[in-house]
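> My structure is stored as work28.pdb, with PDB, C-alpha atoms.
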ATOM      1  CA  MET C   1       0.000   0.000   0.000
ATOM      2  CA  LYS C   2       1.378   3.370  -0.968
ATOM      3  CA  ARG C   3       1.597   5.750   1.975
ATOM      4  CA  ASN C   4       0.417   9.227   1.087
ATOM      5  CA  PRO C   5       2.168  11.805   3.295
ATOM      6  CA  LEU C   6      -0.495  14.407   2.560
ATOM      7  CA  PHE C   7      -3.382  12.453   4.013
ATOM      8  CA  TRP C   8      -2.830  13.631   7.586
ATOM      9  CA  SER C   9      -4.409  17.035   7.165
ATOM     10  CA  VAL C  10      -7.799  15.452   6.558
ATOM     11  CA  LEU C  11      -7.533  12.343   8.718
ATOM     12  CA  SER C  12      -8.993  13.773  11.934
ATOM     13  CA  THR C  13     -11.965  15.246  10.115
ATOM     14  CA  ALA C  14     -12.597  11.997   8.290
ATOM     15  CA  LEU C  15     -12.471   9.919  11.442
ATOM     16  CA  PHE C  16     -15.189  11.869  13.192
ATOM     17  CA  ALA C  17     -17.386  12.773  10.248
ATOM     18  CA  GLY C  18     -18.415  10.509   7.383
ATOM     19  CA  SER C  19     -15.800   7.809   7.905
ATOM     20  CA  LEU C  20     -17.110   6.768  11.302
ATOM     21  CA  MET C  21     -20.578   6.210   9.941
ATOM     22  CA  GLY C  22     -19.569   2.597   9.486
ATOM     23  CA  CYS C  23     -19.513   2.078  13.260
ATOM     24  CA  GLN C  24     -22.553   0.686  15.013
ATOM     25  CA  SER C  25     -23.965   2.965  17.709
ATOM     26  CA  THR C  26     -27.386   2.018  19.015
ATOM     27  CA  GLY C  27     -29.712   4.574  20.532
ATOM     28  CA  LYS C  28     -27.282   7.373  19.801
ATOM     29  CA  THR C  29     -29.494  10.419  20.180
ATOM     30  CA  ALA C  30     -32.255   9.309  22.502
ATOM     31  CA  ASP C  31     -31.583   9.248  26.245
ATOM     32  CA  THR C  32     -33.426   6.024  26.815
ATOM     33  CA  THR C  33     -32.677   2.751  28.515
ATOM     34  CA  THR C  34     -33.517   0.706  25.446
ATOM     35  CA  THR C  35     -31.575   0.357  22.243
ATOM     36  CA  THR C  36     -33.096   1.709  19.040
ATOM     37  CA  ASP C  37     -32.035  -1.470  17.269
ATOM     38  CA  THR C  38     -35.248  -3.426  17.697
ATOM     39  CA  SER C  39     -33.690  -6.588  16.327
ATOM     40  CA  VAL C  40     -31.559  -6.921  19.468
ATOM     41  CA  LYS C  41     -33.583  -8.752  22.115
ATOM     42  CA  THR C  42     -32.935  -9.051  25.825
ATOM     43  CA  ALA C  43     -32.140 -12.630  26.742
ATOM     44  CA  SER C  44     -33.013 -14.180  30.084
ATOM     45  CA  ASN C  45     -29.376 -15.001  30.833
ATOM     46  CA  GLU C  46     -27.950 -11.513  30.315
ATOM     47  CA  VAL C  47     -25.554  -9.825  32.704
ATOM     48  CA  THR C  48     -27.912  -7.348  34.339
ATOM     49  CA  ALA C  49     -27.571  -4.752  37.039
ATOM     50  CA  THR C  50     -29.175  -7.168  39.509
ATOM     51  CA  ASP C  51     -27.127 -10.231  38.597
ATOM     52  CA  THR C  52     -24.740 -11.179  41.377
ATOM     53  CA  LYS C  53     -23.363 -14.453  40.045
ATOM     54  CA  PRO C  54     -23.707 -14.691  36.257
ATOM     55  CA  ALA C  55     -22.974 -18.029  34.635
ATOM     56  CA  ASP C  56     -19.323 -18.904  34.104
ATOM     57  CA  VAL C  57     -17.988 -16.266  36.471
ATOM     58  CA  VAL C  58     -16.826 -16.346  40.081
ATOM     59  CA  THR C  59     -16.521 -13.791  42.833
ATOM     60  CA  ASP C  60     -13.457 -15.268  44.547
ATOM     61  CA  SER C  61     -10.622 -12.754  44.440
ATOM     62  CA  SER C  62      -7.932 -15.423  44.063
ATOM     63  CA  ALA C  63      -9.613 -16.728  40.946
ATOM     64  CA  THR C  64      -9.863 -13.187  39.619
ATOM     65  CA  LYS C  65      -6.136 -12.623  40.108
ATOM     66  CA  ALA C  66      -5.325 -15.980  38.500
ATOM     67  CA  SER C  67      -7.388 -15.228  35.414
ATOM     68  CA  ALA C  68      -5.874 -11.754  35.116
ATOM     69  CA  SER C  69      -2.342 -13.142  34.932
ATOM     70  CA  ILE C  70      -3.001 -15.936  32.456
ATOM     71  CA  ASP C  71      -0.802 -16.249  29.363
ATOM     72  CA  PRO C  72      -3.263 -17.029  26.563
ATOM     73  CA  THR C  73      -0.505 -18.321  24.297
ATOM     74  CA  ALA C  74       0.171 -21.068  26.841
ATOM     75  CA  ILE C  75      -3.265 -22.609  26.357
ATOM     76  CA  PRO C  76      -2.816 -25.909  24.475
ATOM     77  CA  ALA C  77      -4.629 -26.116  21.162
ATOM     78  CA  SER C  78      -6.402 -29.229  22.427
ATOM     79  CA  LYS C  79      -8.017 -27.162  25.197
ATOM     80  CA  ILE C  80      -9.464 -24.479  22.926
ATOM     81  CA  ALA C  81     -13.198 -24.835  22.391
ATOM     82  CA  ASP C  82     -14.802 -25.095  18.982
ATOM     83  CA  ALA C  83     -16.650 -22.191  17.397
ATOM     84  CA  ALA C  84     -20.101 -23.347  18.460
ATOM     85  CA  THR C  85     -19.047 -23.597  22.113
ATOM     86  CA  ILE C  86     -17.437 -20.161  22.035
ATOM     87  CA  ILE C  87     -20.541 -18.566  20.511
ATOM     88  CA  ALA C  88     -22.798 -20.307  23.049
ATOM     89  CA  ARG C  89     -20.998 -18.804  26.037
ATOM     90  CA  LYS C  90     -22.667 -15.953  27.864
ATOM     91  CA  GLN C  91     -21.471 -12.723  26.258
ATOM     92  CA  VAL C  92     -19.362 -10.219  28.154
ATOM     93  CA  PRO C  93     -20.241  -6.563  27.495
ATOM     94  CA  VAL C  94     -17.471  -4.796  25.555
ATOM     95  CA  LEU C  95     -17.697  -0.990  25.408
ATOM     96  CA  CYS C  96     -15.919   1.213  22.869
ATOM     97  CA  TYR C  97     -14.910   4.834  23.525
ATOM     98  CA  HIS C  98     -13.099   7.391  21.345
ATOM     99  CA  GLN C  99     -12.580  10.976  22.551
ATOM    100  CA  ILE C 100     -13.208  11.881  26.189
ATOM    101  CA  ARG C 101     -13.744  15.643  26.285
ATOM    102  CA  ASP C 102     -16.428  18.280  26.460
ATOM    103  CA  TRP C 103     -18.203  19.103  23.227
ATOM    104  CA  LYS C 104     -17.104  22.119  21.204
ATOM    105  CA  GLY C 105     -19.214  24.437  19.123
ATOM    106  CA  THR C 106     -17.527  23.066  16.004
ATOM    107  CA  ASP C 107     -18.472  19.433  16.776
ATOM    108  CA  SER C 108     -21.147  18.107  14.446
ATOM    109  CA  LYS C 109     -24.150  16.181  15.724
ATOM    110  CA  SER C 110     -22.743  12.933  14.343
ATOM    111  CA  ALA C 111     -19.305  13.588  15.843
ATOM    112  CA  LYS C 112     -20.873  13.923  19.274
ATOM    113  CA  ASP C 113     -21.828  10.247  19.113
ATOM    114  CA  TYR C 114     -18.114   9.500  19.429
ATOM    115  CA  ILE C 115     -17.120  12.281  21.829
ATOM    116  CA  ILE C 116     -18.022  11.628  25.465
ATOM    117  CA  PRO C 117     -18.176  14.725  27.684
ATOM    118  CA  LEU C 118     -15.987  14.191  30.727
ATOM    119  CA  ALA C 119     -18.889  14.438  33.179
ATOM    120  CA  THR C 120     -20.777  11.809  31.183
ATOM    121  CA  PHE C 121     -17.765   9.496  31.138
ATOM    122  CA  LYS C 122     -17.437   9.889  34.912
ATOM    123  CA  ASP C 123     -21.111   8.954  35.252
ATOM    124  CA  HIS C 124     -20.569   5.885  33.057
ATOM    125  CA  MET C 125     -17.661   4.625  35.150
ATOM    126  CA  LYS C 126     -19.446   5.355  38.431
ATOM    127  CA  MET C 127     -22.474   3.402  37.241
ATOM    128  CA  LEU C 128     -20.284   0.426  36.348
ATOM    129  CA  ALA C 129     -18.523   0.521  39.709
ATOM    130  CA  ASP C 130     -21.723   1.044  41.713
ATOM    131  CA  SER C 131     -23.382  -1.805  39.804
ATOM    132  CA  GLY C 132     -20.574  -4.190  40.719
ATOM    133  CA  TYR C 133     -18.897  -4.519  37.326
ATOM    134  CA  HIS C 134     -15.260  -5.601  37.090
ATOM    135  CA  ALA C 135     -13.135  -4.515  34.115
ATOM    136  CA  ILE C 136     -11.299  -7.402  32.441
ATOM    137  CA  SER C 137      -8.532  -7.643  29.852
ATOM    138  CA  PRO C 138      -8.730  -9.140  26.354
ATOM    139  CA  ASP C 139      -6.436 -11.950  27.553
ATOM    140  CA  GLN C 140      -8.989 -12.805  30.229
ATOM    141  CA  LEU C 141     -11.830 -12.683  27.714
ATOM    142  CA  TYR C 142      -9.873 -14.927  25.342
ATOM    143  CA  ALA C 143      -9.240 -17.485  28.086
ATOM    144  CA  TYR C 144     -12.909 -17.432  29.065
ATOM    145  CA  LEU C 145     -14.171 -17.850  25.513
ATOM    146  CA  THR C 146     -11.714 -20.585  24.574
ATOM    147  CA  THR C 147     -11.587 -22.630  27.793
ATOM    148  CA  GLY C 148     -14.387 -21.418  30.041
ATOM    149  CA  ALA C 149     -11.837 -19.899  32.436
ATOM    150  CA  THR C 150     -13.356 -18.109  35.401
ATOM    151  CA  LEU C 151     -13.989 -14.379  35.340
ATOM    152  CA  PRO C 152     -14.782 -11.929  38.124
ATOM    153  CA  SER C 153     -18.421 -11.253  38.837
ATOM    154  CA  LYS C 154     -20.172  -8.988  36.337
ATOM    155  CA  PRO C 155     -17.285  -8.654  33.864
ATOM    156  CA  VAL C 156     -17.067  -5.787  31.390
ATOM    157  CA  MET C 157     -14.333  -4.864  28.934
ATOM    158  CA  LEU C 158     -13.459  -1.198  28.387
ATOM    159  CA  THR C 159     -11.850  -0.336  25.052
ATOM    160  CA  PHE C 160     -10.608   2.932  23.543
ATOM    161  CA  ASP C 161      -9.962   3.354  19.822
ATOM    162  CA  ASP C 162      -7.469   5.444  17.821
ATOM    163  CA  GLY C 163      -5.191   6.713  20.611
ATOM    164  CA  ASP C 164      -6.655  10.186  21.178
ATOM    165  CA  LEU C 165      -4.733  12.147  23.828
ATOM    166  CA  THR C 166      -7.867  12.731  25.910
ATOM    167  CA  GLN C 167      -7.933   9.032  26.677
ATOM    168  CA  TYR C 168      -4.754   9.617  28.684
ATOM    169  CA  THR C 169      -5.384  13.082  30.085
ATOM    170  CA  ASN C 170      -9.108  12.747  30.865
ATOM    171  CA  ALA C 171     -10.114   9.075  30.914
ATOM    172  CA  LEU C 172      -7.112   7.612  32.749
ATOM    173  CA  PRO C 173      -7.658   9.506  36.038
ATOM    174  CA  VAL C 174     -11.267   8.288  36.093
ATOM    175  CA  LEU C 175     -10.223   4.705  35.384
ATOM    176  CA  ASN C 176      -7.676   4.974  38.177
ATOM    177  CA  GLN C 177     -10.349   6.222  40.574
ATOM    178  CA  TYR C 178     -12.270   2.964  40.198
ATOM    179  CA  GLY C 179      -9.336   0.619  39.665
ATOM    180  CA  PHE C 180     -10.466  -0.171  36.115
ATOM    181  CA  LYS C 181      -8.001  -1.429  33.519
ATOM    182  CA  ALA C 182      -8.736  -0.828  29.835
ATOM    183  CA  SER C 183      -7.531  -1.763  26.358
ATOM    184  CA  PHE C 184      -6.293   0.914  23.957
ATOM    185  CA  TYR C 185      -6.438   0.146  20.217
ATOM    186  CA  ILE C 186      -3.866   2.385  18.583
ATOM    187  CA  MET C 187      -3.745   3.796  15.055
ATOM    188  CA  THR C 188       0.038   3.903  14.802
ATOM    189  CA  VAL C 189       0.353   6.640  12.156
ATOM    190  CA  ALA C 190      -1.043   9.073  14.724
ATOM    191  CA  ILE C 191       1.320   8.332  17.624
ATOM    192  CA  GLY C 192       2.579  11.638  19.007
ATOM    193  CA  ARG C 193       0.688  13.786  16.483
ATOM    194  CA  ARG C 194      -0.294  17.294  17.546
ATOM    195  CA  GLY C 195      -2.714  19.212  15.368
ATOM    196  CA  LYS C 196      -6.449  19.719  15.201
ATOM    197  CA  GLN C 197      -6.674  16.495  17.158
ATOM    198  CA  HIS C 198      -3.919  15.377  19.538
ATOM    199  CA  TYR C 199      -2.810  11.774  20.028
ATOM    200  CA  MET C 200      -0.860   9.918  22.690
ATOM    201  CA  ASP C 201       2.896   9.647  22.238
ATOM    202  CA  LYS C 202       5.222   6.706  22.861
ATOM    203  CA  ILE C 203       5.914   7.677  26.476
ATOM    204  CA  GLN C 204       2.221   7.795  27.295
ATOM    205  CA  LEU C 205       1.537   4.466  25.598
ATOM    206  CA  LYS C 206       4.404   2.873  27.511
ATOM    207  CA  ASP C 207       3.077   4.361  30.740
ATOM    208  CA  LEU C 208      -0.368   2.879  30.123
ATOM    209  CA  SER C 209       1.171  -0.511  29.435
ATOM    210  CA  ASP C 210       3.393  -0.332  32.521
ATOM    211  CA  LYS C 211       0.324   0.466  34.640
ATOM    212  CA  GLY C 212      -1.445  -2.709  33.533
ATOM    213  CA  HIS C 213      -3.545  -1.454  30.663
ATOM    214  CA  VAL C 214      -3.413  -3.284  27.333
ATOM    215  CA  ILE C 215      -2.005  -1.689  24.196
ATOM    216  CA  ALA C 216      -3.456  -3.251  21.051
ATOM    217  CA  ALA C 217      -3.558  -2.561  17.311
ATOM    218  CA  HIS C 218      -6.008  -0.574  15.159
ATOM    219  CA  THR C 219      -4.109  -0.551  11.808
ATOM    220  CA  TRP C 220      -1.588   2.021  10.623
ATOM    221  CA  ASP C 221      -3.904   4.730   9.292
ATOM    222  CA  HIS C 222      -7.454   3.542   9.982
ATOM    223  CA  GLN C 223      -7.999   1.674   6.726
ATOM    224  CA  ASN C 224     -11.186  -0.309   6.166
ATOM    225  CA  VAL C 225     -10.030  -3.929   6.473
ATOM    226  CA  LYS C 226     -12.698  -5.002   3.987
ATOM    227  CA  LYS C 227     -10.705  -3.183   1.302
ATOM    228  CA  LEU C 228      -7.304  -4.710   2.074
ATOM    229  CA  SER C 229      -6.220  -7.304  -0.475
ATOM    230  CA  THR C 230      -2.486  -7.449  -1.168
ATOM    231  CA  PRO C 231       0.381  -8.765   0.984
ATOM    232  CA  GLU C 232       1.680  -5.199   1.177
ATOM    233  CA  ASP C 233      -1.697  -4.032   2.525
ATOM    234  CA  TRP C 234      -1.598  -6.575   5.333
ATOM    235  CA  LYS C 235       2.011  -5.812   6.120
ATOM    236  CA  THR C 236       1.370  -2.068   6.326
ATOM    237  CA  GLN C 237      -1.886  -2.207   8.262
ATOM    238  CA  LEU C 238      -1.466  -5.220  10.571
ATOM    239  CA  GLU C 239       2.116  -6.470  10.736
ATOM    240  CA  GLU C 240       4.029  -3.204  11.057
ATOM    241  CA  PRO C 241       1.650  -1.653  13.641
ATOM    242  CA  LYS C 242       1.927  -4.795  15.752
ATOM    243  CA  ALA C 243       5.734  -4.664  15.644
ATOM    244  CA  LYS C 244       5.814  -0.926  16.407
ATOM    245  CA  LEU C 245       3.569  -1.234  19.444
ATOM    246  CA  GLU C 246       5.559  -4.192  20.734
ATOM    247  CA  GLU C 247       8.721  -2.129  20.418
ATOM    248  CA  ILE C 248       7.134   0.720  22.387
ATOM    249  CA  THR C 249       5.669  -1.375  25.204
ATOM    250  CA  GLY C 250       8.106  -4.288  25.342
ATOM    251  CA  LYS C 251       5.098  -6.606  25.459
ATOM    252  CA  PRO C 252       3.382  -8.813  22.865
ATOM    253  CA  VAL C 253       0.454  -7.281  20.985
ATOM    254  CA  ARG C 254      -2.189  -9.981  20.694
ATOM    255  CA  HIS C 255      -5.404  -8.097  20.029
ATOM    256  CA  PHE C 256      -6.854  -6.020  17.182
ATOM    257  CA  ALA C 257      -9.884  -3.797  16.531
ATOM    258  CA  TYR C 258     -11.295  -3.218  13.051
ATOM    259  CA  PRO C 259     -11.449   0.442  11.964
ATOM    260  CA  PHE C 260     -15.094   1.479  11.667
ATOM    261  CA  GLY C 261     -15.863  -1.932  13.185
ATOM    262  CA  LEU C 262     -16.011  -3.325   9.625
ATOM    263  CA  TRP C 263     -14.772  -6.732   8.495
ATOM    264  CA  LYS C 264     -15.515  -9.507   6.040
ATOM    265  CA  GLU C 265     -15.171 -13.245   6.391
ATOM    266  CA  GLU C 266     -12.325 -13.440   3.880
ATOM    267  CA  SER C 267     -10.264 -11.107   6.081
ATOM    268  CA  LEU C 268     -10.426 -13.214   9.225
ATOM    269  CA  PRO C 269      -7.686 -15.720   8.291
ATOM    270  CA  GLU C 270      -5.427 -12.823   7.284
ATOM    271  CA  VAL C 271      -5.836 -11.176  10.686
ATOM    272  CA  ARG C 272      -5.305 -14.457  12.517
ATOM    273  CA  LYS C 273      -2.124 -15.372  10.609
ATOM    274  CA  ARG C 274      -0.586 -12.017  11.679
ATOM    275  CA  GLY C 275      -0.490 -13.289  15.255
ATOM    276  CA  TYR C 276      -3.655 -11.758  16.697
ATOM    277  CA  LEU C 277      -5.680 -13.871  19.139
ATOM    278  CA  THR C 278      -8.810 -11.719  19.031
ATOM    279  CA  ALA C 279     -10.282  -9.055  16.763
ATOM    280  CA  TYR C 280     -13.151  -6.724  17.670
ATOM    281  CA  GLN C 281     -15.954  -5.521  15.453
ATOM    282  CA  LEU C 282     -18.868  -3.088  15.642
ATOM    283  CA  ALA C 283     -20.744  -3.805  12.455
ATOM    284  CA  GLU C 284     -22.616  -7.041  13.154
ATOM    285  CA  LYS C 285     -24.948  -8.285  15.867
ATOM    286  CA  LYS C 286     -23.341 -11.727  15.940
ATOM    287  CA  MET C 287     -19.887 -13.238  15.845
ATOM    288  CA  ASN C 288     -18.737 -15.099  12.759
ATOM    289  CA  PRO C 289     -19.943 -18.725  13.042
ATOM    290  CA  THR C 290     -16.638 -20.230  11.883
ATOM    291  CA  ASP C 291     -14.153 -17.889  13.582
ATOM    292  CA  PRO C 292     -15.870 -16.034  16.434
ATOM    293  CA  LEU C 293     -12.609 -14.930  18.066
ATOM    294  CA  MET C 294     -11.857 -12.773  15.032
ATOM    295  CA  SER C 295     -15.263 -11.074  15.252
ATOM    296  CA  ILE C 296     -15.976 -10.343  18.920
ATOM    297  CA  ARG C 297     -18.777  -7.831  19.406
ATOM    298  CA  ARG C 298     -18.535  -4.347  20.916
ATOM    299  CA  ILE C 299     -20.881  -1.404  21.168
ATOM    300  CA  ILE C 300     -19.935   2.276  21.041
ATOM    301  CA  ALA C 301     -20.825   4.084  24.247
ATOM    302  CA  GLY C 302     -22.585   7.062  22.677
ATOM    303  CA  GLY C 303     -21.840  10.638  23.618
ATOM    304  CA  TYR C 304     -25.553  11.259  24.147
ATOM    305  CA  TRP C 305     -25.960   8.312  26.519
ATOM    306  CA  SER C 306     -26.552   8.882  30.207
ATOM    307  CA  ALA C 307     -25.317   6.233  32.642
ATOM    308  CA  LYS C 308     -28.860   4.862  32.784
ATOM    309  CA  THR C 309     -28.976   4.589  29.001
ATOM    310  CA  LEU C 310     -25.615   2.826  28.929
ATOM    311  CA  SER C 311     -26.787   0.305  31.510
ATOM    312  CA  GLY C 312     -29.934  -0.441  29.545
ATOM    313  CA  ASN C 313     -28.121  -0.781  26.233
ATOM    314  CA  MET C 314     -25.541  -3.124  27.775
ATOM    315  CA  ARG C 315     -28.314  -5.412  28.952
ATOM    316  CA  ALA C 316     -30.083  -5.270  25.582
ATOM    317  CA  SER C 317     -26.978  -5.794  23.443
ATOM    318  CA  PHE C 318     -25.210  -8.694  25.180
ATOM    319  CA  HIS C 319     -26.606 -12.048  26.225
TER     320      HIS C 319
END
Mind turning this structure into structure tokens?

Amino acid sequence: MKRNPLFWSVLSTALFAGSLMGCQSTGKTADTTTTTDTSVKTASNEVTATDTKPADVVTDSSATKASASIDPTAIPASKIADAATIIARKQVPVLCYHQIRDWKGTDSKSAKDYIIPLATFKDHMKMLADSGYHAISPDQLYAYLTTGATLPSKPVMLTFDDGDLTQYTNALPVLNQYGFKASFYIMTVAIGRRGKQHYMDKIQLKDLSDKGHVIAAHTWDHQNVKKLSTPEDWKTQLEEPKAKLEEITGKPVRHFAYPFGLWKEESLPEVRKRGYLTAYQLAEKKMNPTDPLMSIRRIIAGGYWSAKTLSGNMRASFH
């Protein structure tokens, strides 16, 4: 893939205008506790605000610590469940955030779906903590999906896309307040950029990693994976970002998030062969039936959502 050095001047605008229209965001303008996607039904076995012991999870702190320190690459292939078993497991809510900052007068209505005012983000995290949720890592989720490994009670996974600086300056202190660990999916072309939109630099990414957060990949320059086709495409967008992030953090990068949440079945083997254990989508309501680990579901926590709305949409979207 040819790298165009002039693209940067329009990248930030594209990410938060028309280009992000490919992401799924249910109930994005209405402050309601139900999702506007009427095809998503609430199942009887969902993780709800009143659940204290959901299926396949435990409350014992020693088990929680053990699952948090697991090395997913050490799981023998013979112990990994088949696709049908993985899909049948009770889903863990996975939330996706982008910018964490107050709205500006120049922000469009659609951009505000992806920009969470700081007070709203604080309300979201307080709701999760008050409701008894425990933030887990993608390694923990992988171990649970593949082997049925125990998870803490009421698990949730917090993810942040692109690497916007406000994730470090505004979101991190709130995460620290509640002891939540998160996963950051980094668009590597933007590392250290300062312009209309600022992005985290290498020191900040390393600091997040050193503090127990997960640094993961989100392509080089936010390309739609459905459009990648050549070996050079895959090298530029998946292999090189993985290597760069590993160099920065000194840790393996095992997890990937699709830009715009978009993917196609033909892409899944290409992502897997680049050494990723999981890949996260936004575009579909189900995981791929043959390779669910390469199509794990997330929902965007909308900028218009109150904490009550978020709670309701989590219950409606995951089962």
> The PyMOL selection byres ((chain C and resi 222) around 9) on the file shown: which residues, as a ChimeraX atom specification?
/C:11,15,162,187-189,218-221,223-225,237,258-260
> Could you give me, as JSON lines, every range 55-158 of chain C residue with an atom at most 10 Å from range 301-309 of chain C, plus its closest atom pair and distance in Å to one decimal, counting all atoms listed in the file, rows ordered by chain then number?

{"residue": "C:Val94", "atom": "CA", "partner": "C:Ala301", "partner_atom": "CA", "distance": 9.6}
{"residue": "C:Leu95", "atom": "CA", "partner": "C:Ala301", "partner_atom": "CA", "distance": 6.1}
{"residue": "C:Cys96", "atom": "CA", "partner": "C:Ala301", "partner_atom": "CA", "distance": 5.8}
{"residue": "C:Tyr97", "atom": "CA", "partner": "C:Ala301", "partner_atom": "CA", "distance": 6.0}
{"residue": "C:His98", "atom": "CA", "partner": "C:Ala301", "partner_atom": "CA", "distance": 8.9}
{"residue": "C:Gln99", "atom": "CA", "partner": "C:Gly303", "partner_atom": "CA", "distance": 9.3}
{"residue": "C:Ile100", "atom": "CA", "partner": "C:Gly303", "partner_atom": "CA", "distance": 9.1}
{"residue": "C:Arg101", "atom": "CA", "partner": "C:Gly303", "partner_atom": "CA", "distance": 9.9}
{"residue": "C:Asp102", "atom": "CA", "partner": "C:Gly303", "partner_atom": "CA", "distance": 9.8}
{"residue": "C:Trp103", "atom": "CA", "partner": "C:Gly303", "partner_atom": "CA", "distance": 9.2}
{"residue": "C:Lys109", "atom": "CA", "partner": "C:Tyr304", "partner_atom": "CA", "distance": 9.9}
{"residue": "C:Ser110", "atom": "CA", "partner": "C:Gly303", "partner_atom": "CA", "distance": 9.6}
{"residue": "C:Ala111", "atom": "CA", "partner": "C:Gly303", "partner_atom": "CA", "distance": 8.7}
{"residue": "C:Lys112", "atom": "CA", "partner": "C:Gly303", "partner_atom": "CA", "distance": 5.5}
{"residue": "C:Asp113", "atom": "CA", "partner": "C:Gly303", "partner_atom": "CA", "distance": 4.5}
{"residue": "C:Tyr114", "atom": "CA", "partner": "C:Gly303", "partner_atom": "CA", "distance": 5.7}
{"residue": "C:Ile115", "atom": "CA", "partner": "C:Gly303", "partner_atom": "CA", "distance": 5.3}
{"residue": "C:Ile116", "atom": "CA", "partner": "C:Gly303", "partner_atom": "CA", "distance": 4.4}
{"residue": "C:Pro117", "atom": "CA", "partner": "C:Gly303", "partner_atom": "CA", "distance": 6.8}
{"residue": "C:Leu118", "atom": "CA", "partner": "C:Gly303", "partner_atom": "CA", "distance": 9.9}
{"residue": "C:Ala119", "atom": "CA", "partner": "C:Ser306", "partner_atom": "CA", "distance": 9.9}
{"residue": "C:Thr120", "atom": "CA", "partner": "C:Ser306", "partner_atom": "CA", "distance": 6.5}
{"residue": "C:Phe121", "atom": "CA", "partner": "C:Ala307", "partner_atom": "CA", "distance": 8.4}
{"residue": "C:Lys122", "atom": "CA", "partner": "C:Ala307", "partner_atom": "CA", "distance": 9.0}
{"residue": "C:Asp123", "atom": "CA", "partner": "C:Ala307", "partner_atom": "CA", "distance": 5.6}
{"residue": "C:His124", "atom": "CA", "partner": "C:Ala307", "partner_atom": "CA", "distance": 4.8}
{"residue": "C:Met125", "atom": "CA", "partner": "C:Ala307", "partner_atom": "CA", "distance": 8.2}
{"residue": "C:Lys126", "atom": "CA", "partner": "C:Ala307", "partner_atom": "CA", "distance": 8.3}
{"residue": "C:Met127", "atom": "CA", "partner": "C:Ala307", "partner_atom": "CA", "distance": 6.1}
{"residue": "C:Leu128", "atom": "CA", "partner": "C:Ala307", "partner_atom": "CA", "distance": 8.5}
{"residue": "C:Leu158", "atom": "CA", "partner": "C:Ala301", "partner_atom": "CA", "distance": 10.0}
> As a check of understanding, name the residues that the PyMOL selection byres ((chain C and resi 143) around 9) selects in the supplied structure, as a list in words.
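Applied to this file, the PyMOL selection byres ((chain C and resi 143) around 9) selects Ser67, Ile70, Asp71, Pro72, Ile75, Ile80, Pro138, Asp139, Gln140, Leu141, Tyr142, Tyr144, Leu145, Thr146, Thr147, Gly148, Ala149 and Thr150 of chain C.
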> Need the shell around Ala84 in chain C: protein/DNA/RNA residues with any atom at most 10 Å away, counting all atoms listed in the file. Skip same-chain ones fewer than 6 positions apart. Format as a list of chain:residue names?
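Non-adjacent residues within range: C:Pro289, C:Thr290, C:Asp291, C:Pro292.
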> May I have the residues within 12 Å of Ala129 in chain C as a ChimeraX atom specification, using only C-alpha atoms and disregarding those fewer than 4 positions away in the same chain?
/C:49,122-125,133-135,153-156,174-180,307,311
> Box along x, y and z, 3 Å on every side, all listed atoms of range 113-124 of chain C inside: centre and edge lengths in Å to one decimal, as lines of an AutoDock Vina configuration file.

center_x = -18.9
center_y = 10.3
center_z = 27.2
size_x = 11.8
size_y = 14.8
size_z = 22.1
> In terms of the shortest atom-to-atom distance over only C-alpha atoms, which of C:Trp234, C:Tyr185, C:Phe318, C:Tyr199 is closest to Lys286 in chain C?
C:Phe318
> Could you check which of C:Leu262, C:Met200, C:Glu270, C:Leu277 is closest to Thr230 in chain C, using only C-alpha atoms?
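Nearest to Thr230 in chain C: C:Glu270.
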